[in-house]
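Colleague: Here you go, protein01.tsv (TSV, C-alpha atoms):
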chain	number	residue	atom	x	y	z
A	1	VAL	CA	-25.85	16.12	-3.57
A	2	ALA	CA	-22.31	15.13	-4.64
A	3	VAL	CA	-23.61	13.72	-7.93
A	4	CYS	CA	-25.49	16.94	-8.78
A	5	ALA	CA	-22.43	19.03	-7.95
A	6	LEU	CA	-20.28	16.86	-10.18
A	7	VAL	CA	-22.70	17.00	-13.10
A	8	GLY	CA	-22.72	20.78	-12.80
A	9	ALA	CA	-18.92	20.84	-12.55
A	10	ALA	CA	-18.56	18.60	-15.59
A	11	GLN	CA	-20.75	20.99	-17.56
A	12	ARG	CA	-18.67	23.96	-16.40
A	13	GLY	CA	-15.25	22.30	-16.80
A	14	LYS	CA	-12.82	20.49	-14.55
A	15	PRO	CA	-14.20	19.35	-11.13
A	16	THR	CA	-12.68	21.05	-8.08
A	17	ALA	CA	-10.62	19.28	-5.42
A	18	ARG	CA	-13.63	19.47	-3.11
A	19	GLN	CA	-15.81	17.77	-5.70
A	20	PHE	CA	-13.24	14.97	-6.10
A	21	ARG	CA	-13.23	14.49	-2.32
A	22	GLN	CA	-17.02	14.30	-2.35
A	23	ARG	CA	-16.92	11.66	-5.10
A	24	LEU	CA	-14.28	9.71	-3.19
A	25	LEU	CA	-16.40	9.74	-0.03
A	26	VAL	CA	-19.39	8.44	-2.03
A	27	GLU	CA	-17.24	5.52	-3.25
A	28	LEU	CA	-15.75	4.70	0.17
A	29	ARG	CA	-18.36	2.83	2.15
A	30	PRO	CA	-17.99	0.68	5.25
A	31	VAL	CA	-18.49	-2.98	4.45
A	32	THR	CA	-19.14	-5.68	7.01
A	33	LEU	CA	-17.29	-8.86	6.18
A	34	GLN	CA	-18.90	-11.92	7.73
A	35	ASN	CA	-15.69	-13.92	7.90
A	36	CYS	CA	-13.30	-11.14	8.97
A	37	THR	CA	-11.93	-10.57	12.43
A	38	LEU	CA	-10.66	-7.00	12.18
A	39	GLU	CA	-7.53	-6.40	14.17
A	40	ARG	CA	-5.03	-3.59	14.25
A	41	ILE	CA	-1.66	-5.06	13.33
A	42	GLY	CA	1.36	-3.00	14.31
A	43	SER	CA	1.41	-0.06	16.69
A	44	ALA	CA	-1.57	1.71	18.24
A	45	ASN	CA	-0.98	4.84	16.16
A	46	ASP	CA	0.87	5.46	12.89
A	47	GLY	CA	2.40	2.13	11.97
A	48	GLY	CA	-0.67	0.07	12.76
A	49	TYR	CA	-3.23	-1.02	10.17
A	50	LEU	CA	-6.62	-2.73	10.37
A	51	MET	CA	-6.60	-6.12	8.70
A	52	CYS	CA	-8.61	-9.34	8.71
A	53	ALA	CA	-6.17	-11.10	11.01
A	54	ASN	CA	-7.94	-14.45	10.83
A	55	LEU	CA	-7.58	-14.53	7.02
A	56	LEU	CA	-3.79	-14.18	6.88
A	57	GLY	CA	-2.94	-17.80	7.68
A	58	ASN	CA	-1.94	-18.66	4.09
A	59	VAL	CA	0.49	-15.75	3.70
A	60	GLN	CA	3.96	-16.83	2.59
A	61	SER	CA	5.76	-13.49	2.31
A	62	ALA	CA	5.10	-9.84	3.18
A	63	TYR	CA	6.06	-6.44	1.76
A	64	SER	CA	6.22	-3.29	3.86
A	65	TYR	CA	6.66	-0.02	1.96
A	66	GLY	CA	7.47	3.16	3.83
A	67	ILE	CA	9.36	2.25	6.97
A	68	GLY	CA	10.54	5.48	8.55
A	69	PRO	CA	12.02	5.02	12.00
A	70	ALA	CA	10.09	1.78	12.72
A	71	ASP	CA	8.16	-1.02	11.05
A	72	ASP	CA	5.77	-2.20	13.73
A	73	TRP	CA	3.42	-3.68	11.12
A	74	GLY	CA	6.17	-5.68	9.39
A	75	CYS	CA	7.57	-7.00	12.64
A	76	ALA	CA	4.12	-8.03	13.89
A	77	ILE	CA	3.35	-9.83	10.61
A	78	SER	CA	6.69	-11.66	10.62
A	79	LEU	CA	6.44	-12.78	14.24
A	80	ARG	CA	2.77	-13.74	14.16
A	81	TYR	CA	2.71	-15.59	10.82
A	82	ASP	CA	6.35	-16.70	10.71
A	83	VAL	CA	6.96	-15.18	7.27
A	84	PRO	CA	9.74	-13.05	5.79
A	85	VAL	CA	8.97	-9.35	5.47
A	86	HIS	CA	10.69	-7.29	2.80
A	87	GLN	CA	10.98	-3.72	4.07
A	88	TYR	CA	11.45	-0.99	1.45
A	89	ASP	CA	12.41	2.63	2.09
A	90	CYS	CA	15.02	4.66	0.21
A	91	PHE	CA	14.54	7.64	2.55
A	92	SER	CA	15.12	5.80	5.84
A	93	ARG	CA	18.57	6.36	7.30
A	94	VAL	CA	18.62	3.30	9.52
A	95	GLU	CA	17.73	-0.33	9.10
A	96	VAL	CA	14.98	-1.23	11.57
A	97	SER	CA	15.21	-4.46	13.49
A	98	CYS	CA	12.68	-7.05	14.57
A	99	PRO	CA	14.17	-9.38	17.19
A	100	GLY	CA	12.99	-12.90	16.44
A	101	GLY	CA	11.44	-11.89	13.13
A	102	GLN	CA	12.52	-12.42	9.54
A	103	THR	CA	12.87	-8.90	8.15
A	104	MET	CA	15.01	-7.88	5.22
A	105	PHE	CA	15.60	-4.17	4.73
A	106	HIS	CA	16.02	-2.88	1.16
A	107	LYS	CA	17.26	0.70	0.78
A	108	GLU	CA	14.99	1.12	-2.21
A	109	CYS	CA	11.58	2.65	-2.79
A	110	ILE	CA	8.55	1.48	-4.69
A	111	GLY	CA	7.65	3.37	-7.83
A	112	PRO	CA	5.87	3.03	-11.16
A	113	ARG	CA	9.15	2.31	-13.00
A	114	THR	CA	12.79	1.48	-12.40
A	115	GLU	CA	14.75	4.69	-11.95
A	116	VAL	CA	17.19	6.60	-9.78
A	117	ILE	CA	16.07	10.01	-8.51
A	118	GLU	CA	18.54	12.13	-6.56
A	119	SER	CA	20.65	9.01	-5.84
A	120	ARG	CA	17.62	7.09	-4.52
A	121	VAL	CA	16.70	3.79	-6.19
A	122	PHE	CA	13.06	3.14	-7.14
A	123	ASP	CA	11.67	-0.05	-8.63
A	124	THR	CA	8.29	-1.62	-9.29
A	125	LEU	CA	6.45	-3.96	-6.97
A	126	SER	CA	6.43	-6.60	-9.71
A	127	ARG	CA	10.24	-6.49	-10.11
A	128	GLN	CA	10.80	-6.52	-6.34
A	129	VAL	CA	8.57	-9.59	-5.91
A	130	PHE	CA	10.43	-11.31	-8.75
A	131	ARG	CA	13.88	-10.47	-7.33
A	132	ASN	CA	12.89	-11.82	-3.92
A	133	GLY	CA	11.71	-15.13	-5.39
A	134	ASP	CA	8.11	-14.54	-4.30
A	135	VAL	CA	6.36	-14.95	-7.67
A	136	GLY	CA	3.40	-17.29	-7.18
A	137	LYS	CA	3.42	-16.94	-3.38
A	138	THR	CA	0.53	-15.63	-1.30
A	139	LEU	CA	1.47	-12.12	-0.18
A	140	VAL	CA	0.35	-9.46	2.24
A	141	ALA	CA	1.46	-5.85	1.84
A	142	LYS	CA	1.41	-2.48	3.55
A	143	ILE	CA	2.11	0.69	1.59
A	144	ASP	CA	2.43	4.13	3.14
A	145	VAL	CA	4.76	6.12	0.93
A	146	GLU	CA	3.37	9.64	1.15
A	147	GLY	CA	1.73	9.92	-2.25
A	148	ALA	CA	3.53	7.38	-4.46
A	149	GLU	CA	1.01	4.64	-3.67
A	150	LEU	CA	-1.28	5.27	-6.61
A	151	ALA	CA	1.23	5.34	-9.47
A	152	SER	CA	3.07	2.35	-7.99
A	153	LEU	CA	-0.06	0.21	-7.70
A	154	LEU	CA	-1.39	1.19	-11.12
A	155	ALA	CA	1.94	0.07	-12.64
A	156	THR	CA	1.77	-3.34	-10.91
A	157	SER	CA	0.73	-6.32	-13.01
A	158	ASP	CA	-2.60	-8.00	-12.31
A	159	GLY	CA	-0.70	-11.23	-11.71
A	160	VAL	CA	1.17	-9.73	-8.76
A	161	LEU	CA	-1.85	-7.84	-7.42
A	162	ASN	CA	-3.89	-11.06	-7.50
A	163	ARG	CA	-1.30	-12.71	-5.22
A	164	ILE	CA	-1.81	-10.08	-2.49
A	165	ASP	CA	-4.44	-11.38	-0.04
A	166	GLN	CA	-4.65	-8.08	1.83
A	167	LEU	CA	-3.19	-4.66	1.14
A	168	ALA	CA	-3.15	-2.03	3.87
A	169	ARG	CA	-2.56	1.43	2.47
A	170	GLU	CA	-2.97	5.07	3.19
A	171	ILE	CA	-4.54	7.48	0.75
A	172	HIS	CA	-2.50	10.62	0.15
A	173	GLY	CA	-4.49	12.92	-2.07
A	174	THR	CA	-7.99	13.04	-3.48
A	175	ASP	CA	-7.64	13.73	-7.19
A	176	ARG	CA	-9.22	11.81	-10.09
A	177	HIS	CA	-6.42	9.20	-10.01
A	178	PHE	CA	-7.25	8.17	-6.46
A	179	LEU	CA	-10.92	8.06	-7.34
A	180	GLU	CA	-10.10	5.71	-10.24
A	181	LEU	CA	-8.03	3.48	-7.96
A	182	VAL	CA	-10.80	3.20	-5.37
A	183	ARG	CA	-13.35	2.41	-8.09
Written as structure tokens, how would this file's structure read?
Modeller:
Amino acid sequence: VAVCALVGAAQRGKPTARQFRQRLLVELRPVTLQNCTLERIGSANDGGYLMCANLLGNVQSAYSYGIGPADDWGCAISLRYDVPVHQYDCFSRVEVSCPGGQTMFHKECIGPRTEVIESRVFDTLSRQVFRNGDVGKTLVAKIDVEGAELASLLATSDGVLNRIDQLAREIHGTDRHFLELVR
């Protein structure tokens, strides 16, 4: 049904937002991983993300984008796997703590390029990994930055993306760019 609607929309012009959502839902399919023990890491609600917990043993450093008032995911990763977690958020007013963990707060956001917008610093994932001395390390990342996920990830080099064992992210939006990213 979604395919027919899209063919008709393509013949008539630009697909509607609903048609993009339908396409996205066709692309997103549950997959059973034989070697994955799914576990929610972080809090029980917002701030917790499903990951293959048993496959994170080789992680050497973590990146948590979009902190807000807490970083339950970053703290859990740091404590459980004994790795440093780089927390990035240029909108957060307070540095969040993780007693016993190795968290480093950066008052900076992730973006598709290096820039300052309304006195907030944005930089690329590739540059942040380089600055932190994590090039070549096995990484895990969480990104929940209210819509900037797509442009930031598309601007990231394949070399850095290939170092990320698992990437937990939220999808904000359902336009053609998000469909391309999922594909």
Colleague: Under the rule that only C-alpha atoms are counted, which of A:Cys36, A:Ala141, A:Ile171, A:Val31 is the nearest residue to Tyr88 (chain A)?
Modeller: A:Ala141
Colleague: Which distance in Å separates CA of Arg40 (chain A) and CA of Phe178 (chain A), to one decimal?
Modeller: 23.9 Å
Colleague: Which residues are close to Gly74 (chain A), i.e. within 9 Å by only C-alpha atoms, leaving aside same-chain residues fewer than 6 positions away? Reply as an MDAnalysis selection string.
Modeller: chainID A and resid 41:42 62:64 67 84:87 98 101 103 141:142
Colleague: Give the answer as one residue: which of A:Leu24, A:Leu125, A:Arg80, A:Tyr65 has the shortest atom-to-atom distance to Lys107 (chain A), using only C-alpha atoms?
Modeller: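 For Lys107 (chain A), the nearest of the given residues is A:Tyr65.
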Colleague: Given only C-alpha atoms as the basis, pick out the residue of A:Glu118, A:Glu149, A:Asp165, A:Asp134 nearest to His177 (chain A).
Modeller: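 Looking at the shortest contact to His177 (chain A), the residue is A:Glu149.
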Colleague: What is the CA of Asp123 (chain A)-CA of Asn58 (chain A) distance in Å, reported with one decimal?
Modeller: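 According to the coordinates, CA of Asp123 (chain A) and CA of Asn58 (chain A) are separated by 26.3 Å.
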Colleague: Which is closer to Gln102 (chain A) than all the others in A:Ala70, A:Leu79, A:Leu150, A:Val121, using only C-alpha atoms?
Modeller: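 Using only C-alpha atoms, the shortest distance to Gln102 (chain A) belongs to A:Leu79.
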Colleague: Please, what distance in Å, to one decimal, runs between CA of Ile164 (chain A) and CA of Asn54 (chain A)?
Modeller: 15.3 Å
Colleague: With all atoms listed in the file as the basis for distance, which of A:Asp144, A:Ser92, A:Arg131, A:Ser43 is at the shortest distance from Ile77 (chain A)?
Modeller: A:Ser43
Colleague: Let me make sure I understand: among A:Thr138, A:Asn162, A:Ser152, A:Gln19, which one has the smallest atom-to-atom distance to Leu181 (chain A) if we use all atoms listed in the file?
Modeller: A:Ser152
Colleague: May I have the centre and edge lengths, in Å to one decimal, of an axis-aligned box around the listed atoms of region 82-92 of chain A with 5 Å added to every side, as AutoDock Vina command-line options?
Modeller:
--center_x 10.7 --center_y -4.5 --center_z 5.5 --size_x 18.8 --size_y 34.3 --size_z 20.5
Colleague: May I have the residues at most 9 Å from (-13.5, 15.7, -6.2) in the file's coordinates, counting all atoms listed in the file, as a list of chain:residue names?
Modeller: A:Ala2, A:Leu6, A:Pro15, A:Thr16, A:Ala17, A:Arg18, A:Gln19, A:Phe20, A:Arg21, A:Gln22, A:Arg23, A:Leu24, A:Thr174, A:Asp175, A:Arg176, A:Leu179
